[in-house]
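Quick look at upload-v9.cif (mmCIF, C-alpha atoms):
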```cif
data_model
loop_
_atom_site.label_atom_id
_atom_site.label_comp_id
_atom_site.auth_asym_id
_atom_site.auth_seq_id
_atom_site.Cartn_x
_atom_site.Cartn_y
_atom_site.Cartn_z
CA MET N 175 119.05 78.46 162.37
CA LYS N 176 119.79 74.99 161.00
CA PRO N 177 119.82 74.48 157.21
CA SER N 178 116.89 72.04 157.44
CA ARG N 179 114.79 74.68 159.23
CA GLN N 180 115.78 77.29 156.66
CA ILE N 181 114.70 74.98 153.85
CA ALA N 182 111.41 74.25 155.60
CA CYS N 183 110.78 77.97 156.09
CA LEU N 184 111.57 78.72 152.44
CA LEU N 185 109.23 75.95 151.29
CA ALA N 186 106.44 77.23 153.55
CA LEU N 187 106.92 80.81 152.31
CA SER N 188 106.96 79.62 148.69
CA PHE N 189 103.75 77.67 149.18
CA CYS N 190 102.04 80.65 150.83
CA GLY N 191 103.15 82.93 147.99
CA ALA N 192 101.87 80.52 145.34
CA LEU N 193 98.57 80.09 147.15
CA ALA N 194 98.12 83.86 147.50
CA SER N 195 98.92 84.31 143.80
CA GLN N 196 96.32 81.69 142.87
CA VAL N 197 93.66 83.29 145.06
CA LEU N 198 94.31 86.80 143.74
CA ARG N 199 94.43 85.91 140.01
CA PRO N 200 91.40 87.07 138.01
CA ASN N 201 91.39 83.69 136.20
CA PRO N 202 92.95 81.19 138.60
CA LEU N 203 94.81 78.22 137.20
CA ALA N 204 92.84 75.01 137.29
CA TRP N 205 93.87 72.57 140.01
CA TYR N 206 92.28 69.46 138.54
CA GLU N 207 91.53 69.94 134.84
CA SER N 208 93.97 69.56 131.99
CA TRP N 209 95.16 72.72 130.27
CA SER N 210 93.51 71.72 126.98
CA THR N 211 90.16 71.32 128.78
CA ARG N 212 90.61 74.79 130.28
CA VAL N 213 91.44 76.26 126.86
CA GLU N 214 88.34 74.66 125.33
CA ARG N 215 86.13 75.91 128.18
CA GLU N 216 87.46 79.45 127.80
CA ALA N 217 86.94 79.41 124.03
CA LEU N 218 83.30 78.39 124.43
CA ALA N 219 82.78 80.95 127.20
CA ALA N 220 84.16 83.66 124.88
CA GLY N 221 81.61 82.67 122.20
CA LEU N 222 84.19 81.12 119.90
CA LYS N 223 83.33 78.03 117.86
CA LEU N 224 85.69 75.07 117.99
CA LEU N 225 86.17 73.31 114.67
CA PRO N 226 87.11 69.69 113.98
CA LEU N 227 90.19 69.08 111.86
CA SER N 228 88.14 67.61 109.01
CA GLU N 229 86.13 70.82 108.71
CA ILE N 230 89.29 72.93 108.74
CA GLN N 231 90.84 70.79 105.99
CA SER N 232 87.76 71.38 103.86
CA MET N 233 87.95 75.14 104.44
CA VAL N 234 91.62 75.21 103.49
CA SER N 235 91.05 73.30 100.27
CA THR N 236 88.05 75.41 99.18
CA PHE N 237 89.46 78.82 100.20
CA THR N 238 86.16 79.78 101.85
CA HIS N 239 87.69 81.21 105.02
CA VAL N 240 90.51 83.52 106.01
CA PHE N 241 93.00 81.88 108.38
CA LEU N 242 94.76 83.97 111.01
CA ASP N 243 97.72 82.46 112.82
CA ALA N 244 97.90 83.78 116.40
CA ARG N 245 101.39 82.41 117.06
CA PRO N 246 104.57 84.49 117.26
CA GLU N 247 106.14 85.31 113.89
CA GLU N 248 109.01 82.83 114.37
CA GLU N 249 106.55 79.93 114.72
CA TYR N 250 104.47 81.21 111.80
CA LEU N 251 107.54 81.32 109.57
CA ALA N 252 108.51 77.79 110.63
CA GLY N 253 105.23 76.41 109.26
CA ARG N 254 101.61 77.44 108.80
CA ILE N 255 98.34 76.67 107.08
CA PRO N 256 98.71 77.61 103.38
CA GLY N 257 97.43 81.15 102.82
CA ALA N 258 97.23 82.00 106.54
CA MET N 259 98.16 85.49 107.68
CA ASN N 260 100.13 86.08 110.86
CA LEU N 261 98.43 88.18 113.52
CA PRO N 262 100.30 87.34 116.72
CA THR N 263 98.39 88.03 119.89
CA HIS N 264 101.38 89.59 121.63
CA ALA N 265 101.85 92.08 118.75
CA PHE N 266 98.16 92.69 117.97
CA ASP N 267 98.34 96.50 118.23
CA GLU N 268 101.31 96.62 115.85
CA VAL N 269 100.18 94.09 113.23
CA ALA N 270 96.37 94.49 113.24
CA PRO N 271 96.41 97.79 111.27
CA GLN N 272 98.07 95.91 108.39
CA ILE N 273 95.76 92.86 108.47
CA LEU N 274 92.29 94.04 109.53
CA PRO N 275 91.69 96.50 106.65
CA ILE N 276 92.02 93.74 104.05
CA LEU N 277 89.39 91.52 105.71
CA LEU N 278 85.85 91.75 104.35
CA PRO N 279 83.07 92.25 106.93
CA ASP N 280 81.12 89.15 105.86
CA GLN N 281 84.19 86.98 105.34
CA PRO N 282 84.45 84.05 107.78
CA VAL N 283 87.67 83.95 109.79
CA VAL N 284 89.38 80.99 111.44
CA VAL N 285 91.91 81.77 114.14
CA TYR N 286 94.41 79.13 115.20
CA CYS N 287 97.60 78.62 117.18
CA SER N 288 99.86 75.68 117.98
CA GLY N 289 97.40 73.13 119.38
CA VAL N 290 94.88 72.22 122.05
CA ASP N 291 97.13 73.51 124.82
CA CYS N 292 97.57 76.93 123.22
CA ASP N 293 95.29 79.79 124.18
CA ASP N 294 96.70 82.43 121.80
CA SER N 295 93.84 81.79 119.36
CA ILE N 296 91.27 82.42 122.11
CA GLN N 297 92.94 85.70 122.99
CA LEU N 298 93.09 86.75 119.33
CA GLY N 299 89.50 85.67 118.68
CA THR N 300 88.35 87.69 121.67
CA LEU N 301 90.29 90.76 120.43
CA LEU N 302 88.71 90.42 116.97
CA ILE N 303 85.19 90.16 118.40
CA GLN N 304 85.59 93.38 120.42
#
```
Represent the supplied structure as structure tokens.
Amino acid sequence: MKPSRQIACLLALSFCGALASQVLRPNPLAWYESWSTRVEREALAAGLKLLPLSEIQSMVSTFTHVFLDARPEEEYLAGRIPGAMNLPTHAFDEVAPQILPILLPDQPVVVYCSGVDCDDSIQLGTLLIQ
């Protein structure tokens, strides 16, 4: 078989594999929407409230809310909202027993991650609601 035919066959097989993966995923990747739009849609579907930056700045300055950083510990240590506690989504089962007992039941919680393209905060918010 010629190299050009081999390349064409590999491309066709790759495309078929990607298409099958997309069809079989429980939450398929969006073909046409931006990732940040998808993240926002999923947050609202999970019952999570999205907050504007101005409201968050007010909460930080008045200490009215607990802030949970859903990012990995390395990112948390590199910089975070003052007073935020690290509860990384990928290590929830390990870290949650240390964090959850110190939260008060009626205390409002804000969960955040690295930006509009990050869905770690949605995952953590969903875990906390359950």
Any chance you could work out the residue set of the PyMOL selection byres ((chain N and resi 269) around 12) here, as a ChimeraX atom specification?
/N:242-244,246-247,259-268,270-275,298
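Comparing the minimum interatomic distances between N:Val283 and each of N:Leu203, N:Leu227, N:Val213, N:Leu222, counting all atoms listed in the file, we find that N:Leu222 sits nearest.
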Length of the atom CA of N:Met233 to atom CA of N:Pro282 vector [Å]
10.1 Å
Name all residues at most 10 Å from N:Arg254 (count all atoms listed in the file; drop same-chain ones fewer than 3 positions away) and give them as a PyMOL selection string.
chain N and resi 241-243+245+249-251+257-260+286-288
Quick one: residues within 12 Å of N:Trp209, all atoms listed in the file, excluding same-chain residues fewer than 5 positions away - as number ranges by chain?
N: 203-204, 214-216, 289-293
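Those residues that approach N:Gln231 to within 12 Å, counting all atoms listed in the file, are Leu225, Phe237, Thr238, His239, Phe241, Ile255, Pro256 and Val284 of chain N; same-chain residues fewer than 6 positions away are not listed.
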Starting from 4 Å padding per side, set up an axis-aligned box that covers all listed atoms of stretch 230-243 of chain N and hand over centre and edge lengths in Å, one decimal, as lines of an AutoDock Vina configuration file.
```
center_x = 91.9
center_y = 77.4
center_z = 106.0
size_x = 19.6
size_y = 21.2
size_z = 21.6
```
Atom CA of N:Ile303 to atom CA of N:Val240, distance in Å rounded to a single decimal
15.0 Å
